[in-house]
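In what follows, a single structure is set out as structure tokens and then discussed.
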Amino acid sequence: MTDTPAHAASAHGADRAATAFQTDLLDRFRAQAAGRDLWVFGYASLLWRPEFEAQEQYITRVWGWHRALKMWSRLNRGSPDCPGLVFALLPGGSCQGVAYRVARDQADDVLVRLWAREMPMDVYTPHWLPCDTPQGRVQALAFTLPRTSPSFTGHLPSETYRQIFRQACGRFGTTLDYARQTYESLRAHGIEDRALAALLRHAD
């Protein structure tokens, strides 16, 4: 079916509304971070590819969220024909990761670049999450995923993980390499993720 002018106008209007919402959301987070250091919580690829300079970093834990390889990736780590997976913070439990401190004079630039990296498809939901550090409790930017999102995989059987680890590949490489890099980076930071270790056994 081809778009009629009414359908095209409606789609264009929806795109503009989504873009305006994203711009407003970014502006709100920039205003909240203005004039102070920016803290960022890394729990997956930010551990091994942060792409910004941090003045300090600390191992920490966030409560009420857990790391899970349960977000579909049809571009970066998979394709439309063979979707891959990437990590997200899902509600429930807790998650160990790294809190990075970005100096206030670099904070806005880093926030905008992080937004472009993590939010281009409007999938994640950004939050300020409390993290304990030697400097006390801070509010760190983290990118989470609601279970209501169409990008949330829900429960996946073992055979699905085996197939994805064998086949899924996108513009940034395979799901398996991504998962292994995250696991090795976690271990390098002294963090043991038993759930991820169990998933990776499906690739053996």
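Going by the structure tokens order, chains are called A, B, ..., each with residues numbered from 1, while ligands are numbered from 1 in the order shown.
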
As a PDB file with C-alpha atoms, in the first residue's frame, please: the residues near Ala103 of chain A (cut-off 12 Å, only C-alpha atoms, same-chain neighbours under 6 positions excluded).
```
ATOM      1  CA  ALA A  33      23.163  18.842  34.645  1.00  0.00           C
ATOM      2  CA  ALA A  34      24.111  22.460  33.972  1.00  0.00           C
ATOM      3  CA  GLY A  35      26.899  23.961  36.035  1.00  0.00           C
ATOM      4  CA  ARG A  36      28.040  20.762  37.723  1.00  0.00           C
ATOM      5  CA  ASP A  37      29.988  17.597  37.132  1.00  0.00           C
ATOM      6  CA  LEU A  38      28.253  14.921  35.096  1.00  0.00           C
ATOM      7  CA  TRP A  39      28.134  11.401  36.500  1.00  0.00           C
ATOM      8  CA  VAL A  40      27.485   8.513  34.103  1.00  0.00           C
ATOM      9  CA  PHE A  52      34.803  10.400  26.821  1.00  0.00           C
ATOM     10  CA  GLU A  53      37.390  11.383  29.392  1.00  0.00           C
ATOM     11  CA  ALA A  54      36.489  10.821  33.028  1.00  0.00           C
ATOM     12  CA  GLN A  55      38.293  12.560  35.875  1.00  0.00           C
ATOM     13  CA  GLU A  56      37.370   9.718  38.248  1.00  0.00           C
ATOM     14  CA  GLN A  57      35.685   6.352  38.100  1.00  0.00           C
ATOM     15  CA  ASP A 109      29.481  18.297  25.459  1.00  0.00           C
ATOM     16  CA  VAL A 110      29.747  14.748  26.815  1.00  0.00           C
ATOM     17  CA  LEU A 111      26.033  14.623  27.602  1.00  0.00           C
TER      18      LEU A 111
END
```

Run DSSP on the backbone and grab whatever in segment 62-106 of chain A lands in strand (DSSP E or B); send it over as a VMD selection string. chain A and resid 62 to 73 84 to 102

For the interface of segment 22-137 of chain A with segment 191-201 of chain A (cut-off 9 Å, counting only C-alpha atoms), please tabulate each contacting residue of segment 22-137 of chain A alongside its nearest pair of atoms and their separation in Å to one decimal, rows sorted by chain and increasing number, as a Markdown table.
```
| residue | atom | partner | partner_atom | distance |
| --- | --- | --- | --- | --- |
| A:Ile59 | CA | A:Ile191 | CA | 8.4 |
| A:Arg67 | CA | A:Leu196 | CA | 8.9 |
| A:Ala68 | CA | A:Leu196 | CA | 8.0 |
| A:Leu69 | CA | A:Leu196 | CA | 8.0 |
| A:Gln96 | CA | A:Ile191 | CA | 6.9 |
| A:Gly97 | CA | A:Ile191 | CA | 7.6 |
```

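The interatomic distance for the pair atom CA of Glu51 of chain A and atom CA of Leu114 of chain A works out to 8.6 Å.
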
Just the residues within 12 Å of Thr148 of chain A, please, counting only C-alpha atoms, with nothing from its chain fewer than 2 positions along; format it as a ChimeraX atom specification. /A:71,90-91,123-125,144-146,150-154

Can you pull out every residue within 10 Å of segment 28-32 of chain A, counting only C-alpha atoms, but drop anything in the same chain fewer than 5 positions away, and send it as a PDB file with C-alpha atoms, in the first residue's frame?
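Below is the file that was written, out.pdb:
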```pdb
ATOM      1  CA  GLN A  22      13.513  13.993  22.055  1.00  0.00           C
ATOM      2  CA  THR A  23      14.806  17.546  21.805  1.00  0.00           C
ATOM      3  CA  LEU A  38      28.253  14.921  35.096  1.00  0.00           C
ATOM      4  CA  ALA A 107      29.784  17.876  30.993  1.00  0.00           C
ATOM      5  CA  ASP A 108      27.418  19.417  28.445  1.00  0.00           C
ATOM      6  CA  ASP A 109      29.481  18.297  25.459  1.00  0.00           C
ATOM      7  CA  LEU A 111      26.033  14.623  27.602  1.00  0.00           C
ATOM      8  CA  VAL A 112      25.103  15.660  24.057  1.00  0.00           C
ATOM      9  CA  TRP A 115      22.701  11.214  23.836  1.00  0.00           C
ATOM     10  CA  PRO A 126      17.250   7.913  30.462  1.00  0.00           C
ATOM     11  CA  HIS A 127      17.231   8.245  34.243  1.00  0.00           C
ATOM     12  CA  TRP A 128      19.313   9.775  37.010  1.00  0.00           C
ATOM     13  CA  LEU A 141      22.930   9.240  34.053  1.00  0.00           C
TER      14      LEU A 141
END
```

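For the pair atom CA of Pro157 of chain A and atom CA of Gly84 of chain A, the interatomic distance is 14.3 Å.
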
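Put simply, atom CA of Gly78 of chain A is 8.8 Å away from atom CA of Phe172 of chain A.
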
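Near Trp48 of chain A, within 12 Å and counting only C-alpha atoms, sit Gly42, Tyr43, Ala44, Ser45, Leu46, Pro50, Glu51, Phe52, Gly97, Val98, Tyr178, Ala179, Arg180, Gln181, Thr182, Tyr183, Glu184, Ser185, Leu186, Arg187, Ala188 and His189 of chain A, not including residues fewer than 2 positions from it in the same chain.
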
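Distances here use only C-alpha atoms; by that measure, the residue among A:Arg104, A:Ala99, A:Phe165, A:Trp72 closest to Ser149 of chain A is A:Trp72.
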